[in-house]
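*Asks:* Here you go, one structure.
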Amino acid sequence: MSTNILSSLKPIVSLAKRRGFIYPGSELYGGFANTYSYGPYGSALKNTLRSLWWKTFVEKRADIVGLDGPILLHPRAWQASGHLEGFNDALIDCKACKSRFRADHLIEQATKNSAEGKTLEEMTQIIQESISCPVCGKKEFTEARHFNLMFQTQMSKTKDSAETKAYLRPETAQAIFLDYKNVVDTTRVKIPFGIAQIGKAFRNEITPGNFIFRTVEFEQMEIEYFIKEDAWETTFSDWMEDMLLWCKTIGLSEKRLAIKEHDAKELSHYSKKTVDITYQFPFGVGELYGLAYRGDFDLSSHQTHAKEKLQYRDPKTGEVFLPHVIEPTFGLDRTLLALLCDSYEEERLENGETRVVLHFKPHIAPVHAAIFPLMKKEPLVNAAKKLFHSMQSVCRVEYDETGAIGKRYRRQDELGTPYCITIDFDSLEDQTVTVRERDSMKQERIPMNKLPSHIKALISSEGSDLHSL
Ligand code: GAP
């Protein structure tokens with residue numbers, strides 16, 4: 001299989017809309033910038049990834065438990081976590097055309113040099129002296145200033161609190177730290193152990209873009225893994241291996257993945273060491289996932305701000321200490337974008353036509369098998385519908401009777417469906433069906449009573465890497 005290296009996101013955006021993966025948000029009202037809606041196939045793909053991740057990192061591991069915390073945390077939690085003070089980007093405006101930019105991105109795009117670690121004053125100087133506005137071409141910039149990325153909202157006042165300001169969480173991690181003690185006190189977890197959570201996060205990004213790569217509302221799959229300080233290096237490298245194995249399991253090409261360690265200036269306020277797993281997107285290399293050693297920053301700070309002891313008592317040795325944390329974090333939307341880019345191919349056929357295919361691994365595909373009657377005619381339709389209903393308990397199936405069979409195959413190729421099953425007149429006589437494989441387009445006759453086990457084996461064999469995690 002030869003997969004195109006895409007030079008632009010355009011074909012992906014177009015396919016995603018055309019085939020019901022991803023729609024622009026609030027399109028009915030002319031769109032709402034940088035929000036997206038996941039359509040029937042996009043939401044199926046997301047659900048598959050979510051449940052595969054949960055199975056891999058929670059259900060199949062004795063050392064990790066799950067949590068579903070709130071989006072709204074006590075405002076003081078964001079003070080303790082450092083987000084109120086330090087979760088900022090540098091913003092700069094063009095005075096002439098009023099366009100707004102992230103100062104570091106503006107410098108990086110114009111000079112091709114990193115702006116990581118530069119102060120507001122340094123960035124203002126570089127931009128005002130040497131950069132023209134990419135929109136209007138003028139050189140009339142304001143000073144760069146900090147902009148907090150958290151979305152604010154209002155809570156109605158409660159009896160015991162005069163505070164009305166609340167924030168939508170910019171990371172799922174903090175909900176885990178707030179419930180760390182509850183989990184220790186109410187379950188059998190013992191260090192080392194992890195708490196995992198999947199959920200939405202919100203960031204008022206100054207320059208969102210590149211489709212679903214950077215949006216204001218997105219989903220994270222995060223683990224806070226609690227350890228004794230001296231175990232941090234081994235735990236860190238074990239997690240890097242597990243994260244890379246996950247990438248392989250879902251079918252991301254190794255050649256487009258890389259590892260990039262943050263230098264001291266790039267580190268977030270909470271991190272002692274961060275390594276990104278990057279992916280070669282059509283618009284350039286971008287962060288896909290992150291692995292951070294957060295030390296005891298969060299527990300220590302919440303302990304101080306909440307005035308509650310968060311130490312752990314080793315049940316064997318009686319030793320009391322504040323755990324350190326390794327944090328593997330996975331963006332769900334970026335996973336989906338990487339998978340779409342990785343699996344997309346415009347394949348030239350021998351007859352000169354081009355077919356668009358998504359080469360998803362079968363266990364990831366939103367639809368495992370599509371079931372067609374050869375023609376929209378009885379008794380084919382009835383037999384195909386019966387087969388469709390019987391296969392629903394085996395895998396994710398779709399029924400389609402509309403249009404020429406060739407067009408139905410092409411539609412399923414664009415959805416990434418690995419198998420198409422056709423019932424024809426011979427099927428009614430000999431109880432066999434045609435199974436057509438997406439990538440090779442080869443067809444074989446399979447007895448109908450063997451179909452469930454046949455398809456099941458094809459789908460699960462592709463997910464077998466998982467078992468070694
Ligand atoms: N708790 C650590 C944390 O939030 P992060 O690197 O800021 O770390 C984690 O975010 C992951 O969330 C990223 O690796 C990326 O996959 C995803 N992510 C971050 N910001 C995003 C955005 N604006 N849109 C989509 N995904 C985003």
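Each chain of the structure tokens is named A, B, ... in the order shown, its residues numbered from 1; ligands are numbered from 1 in display order.
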For the alpha helix (DSSP H) assignment from backbone DSSP, which residues of region 273-317 of chain A qualify? Please present them as an MDAnalysis selection string.

*Replies:* chainID A and resid 297:306

*Asks:* Restrict the selected residues to C-alpha atoms and save them as a short mmCIF file (atom, residue, chain, number, x, y, z; two decimals), in the first residue's frame.

*Replies:*
data_model
loop_
_atom_site.label_atom_id
_atom_site.label_comp_id
_atom_site.auth_asym_id
_atom_site.auth_seq_id
_atom_site.Cartn_x
_atom_site.Cartn_y
_atom_site.Cartn_z
CA PHE A 297 4.16 20.40 41.91
CA ASP A 298 0.40 19.85 41.84
CA LEU A 299 -0.14 17.83 45.01
CA SER A 300 2.18 20.12 46.94
CA SER A 301 0.43 23.26 45.72
CA HIS A 302 -3.10 21.90 46.33
CA GLN A 303 -1.96 20.77 49.78
CA THR A 304 -0.88 24.33 50.59
CA HIS A 305 -3.88 26.11 49.04
CA ALA A 306 -6.55 23.71 50.34
#

*Asks:* Find the spatial neighbours of Met375 (chain A), counting only C-alpha atoms, within a cut-off of 12 Å - ignore same-chain residues fewer than 6 positions away - and output them as a count of residues only.

*Replies:* 16

*Asks:* Please write out the residues within 9 Å of ligand 1 as an NGL selection string, counting only C-alpha atoms and all ligand atoms.

*Replies:* :A and (170-174 or 201-205 or 208-209 or 212-224 or 268 or 276-278 or 287-292 or 327-335)

*Asks:* Write a file of the selected residues as a tab-separated table (two decimals), in the first residue's frame, keeping C-alpha atoms.

*Replies:*
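Once written, selection_25.tsv looks like this:
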chain	number	residue	atom	x	y	z
A	170	PRO	CA	-8.05	23.89	30.30
A	171	GLU	CA	-6.79	20.36	31.10
A	172	THR	CA	-8.47	17.30	32.60
A	173	ALA	CA	-5.45	16.70	34.86
A	174	GLN	CA	-6.51	19.01	37.73
A	201	ALA	CA	-10.88	20.71	27.85
A	202	PHE	CA	-11.29	24.33	26.77
A	203	ARG	CA	-8.68	26.91	25.78
A	204	ASN	CA	-9.29	30.37	24.44
A	205	GLU	CA	-6.52	29.91	21.87
A	208	PRO	CA	-6.46	28.28	16.59
A	209	GLY	CA	-6.34	26.57	13.25
A	212	ILE	CA	-9.06	20.15	14.34
A	213	PHE	CA	-5.37	20.43	15.30
A	214	ARG	CA	-5.84	23.47	17.52
A	215	THR	CA	-9.39	24.27	18.55
A	216	VAL	CA	-10.96	26.04	21.51
A	217	GLU	CA	-12.81	22.94	22.70
A	218	PHE	CA	-11.14	19.55	22.49
A	219	GLU	CA	-10.86	16.24	24.21
A	220	GLN	CA	-7.99	14.88	26.27
A	221	MET	CA	-7.21	11.38	27.46
A	222	GLU	CA	-4.89	11.82	30.44
A	223	ILE	CA	-3.26	9.74	33.14
A	224	GLU	CA	-1.67	11.06	36.31
A	268	SER	CA	5.35	24.42	31.32
A	276	ASP	CA	6.43	15.41	23.01
A	277	ILE	CA	5.51	12.74	20.53
A	278	THR	CA	5.22	14.71	17.32
A	287	GLU	CA	2.74	17.95	18.90
A	288	LEU	CA	0.51	14.89	18.99
A	289	TYR	CA	0.94	13.76	22.60
A	290	GLY	CA	3.00	14.80	25.61
A	291	LEU	CA	4.74	13.04	28.46
A	292	ALA	CA	5.63	15.17	31.47
A	327	GLU	CA	1.71	12.45	33.15
A	328	PRO	CA	1.08	10.85	29.75
A	329	THR	CA	-1.41	13.01	27.86
A	330	PHE	CA	-3.16	12.19	24.59
A	331	GLY	CA	-5.26	14.61	22.51
A	332	LEU	CA	-8.21	12.75	21.01
A	333	ASP	CA	-8.92	15.25	18.23
A	334	ARG	CA	-5.27	15.30	17.16
A	335	THR	CA	-5.29	11.49	17.14

*Asks:* Can you list, as a PyMOL selection string, every residue of region 323-383 of chain A that DSSP puts in strand (DSSP E)?

*Replies:* chain A and resi 324-331+344-348+354-358+369-373

*Asks:* Quick one: write out the picked residues with N, CA and C atoms as a PDB file, in the first residue's frame?

*Replies:*
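Written out: out.pdb:
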ATOM      1  N   HIS A 324       5.217  11.799  43.612  1.00  0.00           N
ATOM      2  CA  HIS A 324       5.554  12.541  42.394  1.00  0.00           C
ATOM      3  C   HIS A 324       4.688  11.985  41.268  1.00  0.00           C
ATOM      4  N   VAL A 325       4.643  12.727  40.155  1.00  0.00           N
ATOM      5  CA  VAL A 325       3.686  12.362  39.104  1.00  0.00           C
ATOM      6  C   VAL A 325       4.325  12.345  37.721  1.00  0.00           C
ATOM      7  N   ILE A 326       4.043  11.265  36.994  1.00  0.00           N
ATOM      8  CA  ILE A 326       4.370  11.208  35.560  1.00  0.00           C
ATOM      9  C   ILE A 326       3.035  11.320  34.835  1.00  0.00           C
ATOM     10  N   GLU A 327       2.972  12.203  33.838  1.00  0.00           N
ATOM     11  CA  GLU A 327       1.708  12.448  33.145  1.00  0.00           C
ATOM     12  C   GLU A 327       1.786  12.176  31.642  1.00  0.00           C
ATOM     13  N   PRO A 328       1.246  11.039  31.194  1.00  0.00           N
ATOM     14  CA  PRO A 328       1.084  10.849  29.753  1.00  0.00           C
ATOM     15  C   PRO A 328      -0.232  11.491  29.319  1.00  0.00           C
ATOM     16  N   THR A 329      -0.188  12.352  28.321  1.00  0.00           N
ATOM     17  CA  THR A 329      -1.412  13.013  27.860  1.00  0.00           C
ATOM     18  C   THR A 329      -1.603  12.828  26.356  1.00  0.00           C
ATOM     19  N   PHE A 330      -2.838  12.490  25.993  1.00  0.00           N
ATOM     20  CA  PHE A 330      -3.160  12.186  24.592  1.00  0.00           C
ATOM     21  C   PHE A 330      -4.317  13.090  24.152  1.00  0.00           C
ATOM     22  N   GLY A 331      -4.154  13.816  23.054  1.00  0.00           N
ATOM     23  CA  GLY A 331      -5.263  14.605  22.508  1.00  0.00           C
ATOM     24  C   GLY A 331      -6.072  13.712  21.573  1.00  0.00           C
ATOM     25  N   TYR A 344      -5.132   8.459   4.471  1.00  0.00           N
ATOM     26  CA  TYR A 344      -5.699   8.996   3.231  1.00  0.00           C
ATOM     27  C   TYR A 344      -4.837   8.664   2.017  1.00  0.00           C
ATOM     28  N   GLU A 345      -5.473   8.162   0.981  1.00  0.00           N
ATOM     29  CA  GLU A 345      -4.746   7.942  -0.275  1.00  0.00           C
ATOM     30  C   GLU A 345      -5.632   8.238  -1.475  1.00  0.00           C
ATOM     31  N   GLU A 346      -5.052   8.946  -2.442  1.00  0.00           N
ATOM     32  CA  GLU A 346      -5.722   9.067  -3.743  1.00  0.00           C
ATOM     33  C   GLU A 346      -5.020   8.073  -4.642  1.00  0.00           C
ATOM     34  N   GLU A 347      -5.654   6.931  -4.864  1.00  0.00           N
ATOM     35  CA  GLU A 347      -4.990   5.828  -5.556  1.00  0.00           C
ATOM     36  C   GLU A 347      -5.342   5.832  -7.036  1.00  0.00           C
ATOM     37  N   ARG A 348      -4.291   5.769  -7.860  1.00  0.00           N
ATOM     38  CA  ARG A 348      -4.480   5.686  -9.316  1.00  0.00           C
ATOM     39  C   ARG A 348      -4.769   4.248  -9.678  1.00  0.00           C
ATOM     40  N   THR A 354      -9.224   7.526 -10.397  1.00  0.00           N
ATOM     41  CA  THR A 354      -8.613   7.704  -9.084  1.00  0.00           C
ATOM     42  C   THR A 354      -9.651   7.338  -8.036  1.00  0.00           C
ATOM     43  N   ARG A 355      -9.237   6.529  -7.072  1.00  0.00           N
ATOM     44  CA  ARG A 355     -10.183   6.285  -5.972  1.00  0.00           C
ATOM     45  C   ARG A 355      -9.570   6.822  -4.676  1.00  0.00           C
ATOM     46  N   VAL A 356     -10.425   7.414  -3.854  1.00  0.00           N
ATOM     47  CA  VAL A 356      -9.971   7.911  -2.553  1.00  0.00           C
ATOM     48  C   VAL A 356     -10.249   6.824  -1.524  1.00  0.00           C
ATOM     49  N   VAL A 357      -9.221   6.468  -0.770  1.00  0.00           N
ATOM     50  CA  VAL A 357      -9.357   5.413   0.234  1.00  0.00           C
ATOM     51  C   VAL A 357      -8.810   5.896   1.573  1.00  0.00           C
ATOM     52  N   LEU A 358      -9.475   5.515   2.637  1.00  0.00           N
ATOM     53  CA  LEU A 358      -8.892   5.674   3.974  1.00  0.00           C
ATOM     54  C   LEU A 358      -8.454   4.291   4.421  1.00  0.00           C
ATOM     55  N   ALA A 369     -17.843  -3.506   8.403  1.00  0.00           N
ATOM     56  CA  ALA A 369     -18.309  -4.187   7.189  1.00  0.00           C
ATOM     57  C   ALA A 369     -19.597  -3.551   6.700  1.00  0.00           C
ATOM     58  N   ALA A 370     -19.681  -3.372   5.364  1.00  0.00           N
ATOM     59  CA  ALA A 370     -20.915  -2.847   4.767  1.00  0.00           C
ATOM     60  C   ALA A 370     -21.608  -4.001   4.052  1.00  0.00           C
ATOM     61  N   ILE A 371     -22.904  -4.046   4.179  1.00  0.00           N
ATOM     62  CA  ILE A 371     -23.658  -5.157   3.578  1.00  0.00           C
ATOM     63  C   ILE A 371     -24.579  -4.624   2.484  1.00  0.00           C
ATOM     64  N   PHE A 372     -24.425  -5.207   1.294  1.00  0.00           N
ATOM     65  CA  PHE A 372     -25.201  -4.737   0.138  1.00  0.00           C
ATOM     66  C   PHE A 372     -25.996  -5.879  -0.482  1.00  0.00           C
ATOM     67  N   PRO A 373     -27.235  -5.607  -0.911  1.00  0.00           N
ATOM     68  CA  PRO A 373     -27.829  -6.503  -1.903  1.00  0.00           C
ATOM     69  C   PRO A 373     -27.268  -6.070  -3.261  1.00  0.00           C
TER      70      PRO A 373
END

*Asks:* Measuring between only C-alpha atoms, which one of A:Thr142, A:Ser26, A:Thr48, A:Asn351 shows the shortest distance to Arg396 (chain A)?

*Replies:*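 Of A:Thr142, A:Ser26, A:Thr48, A:Asn351, the one nearest Arg396 (chain A) is A:Thr48, counting only C-alpha atoms.
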
*Asks:* Which residue gives the smallest distance to Lys386 (chain A) among A:Trp53, A:Lys181, A:Tyr399, A:Leu6, with only C-alpha atoms counted?

*Replies:* A:Tyr399

*Asks:* For a test of reading the model, state the distance in Å between CA of Lys46 (chain A) and CA of Leu245 (chain A), rounded to one decimal.

*Replies:*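 Result for CA of Lys46 (chain A) versus CA of Leu245 (chain A): 18.8 Å, one decimal.
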
*Asks:* Show which residues sit within 8 Å of Leu257 (chain A), as a VMD selection string. Count only C-alpha atoms, and ignore same-chain residues fewer than 3 positions away.

*Replies:* chain A and resid 252 to 254 277 to 280

*Asks:* Skipping near chain neighbours, those fewer than 6 positions away, what residues fall within 9 Å of Leu339 (chain A) using only C-alpha atoms, listed as a PDB file with C-alpha atoms, in the first residue's frame?

*Replies:*
ATOM      1  CA  ILE A 250      -3.937   2.478  16.143  1.00  0.00           C
ATOM      2  CA  GLY A 251      -1.956   2.419  12.901  1.00  0.00           C
ATOM      3  CA  LEU A 252       0.103   5.618  12.806  1.00  0.00           C
ATOM      4  CA  PHE A 360      -7.702   2.572   8.584  1.00  0.00           C
TER       5      PHE A 360
END
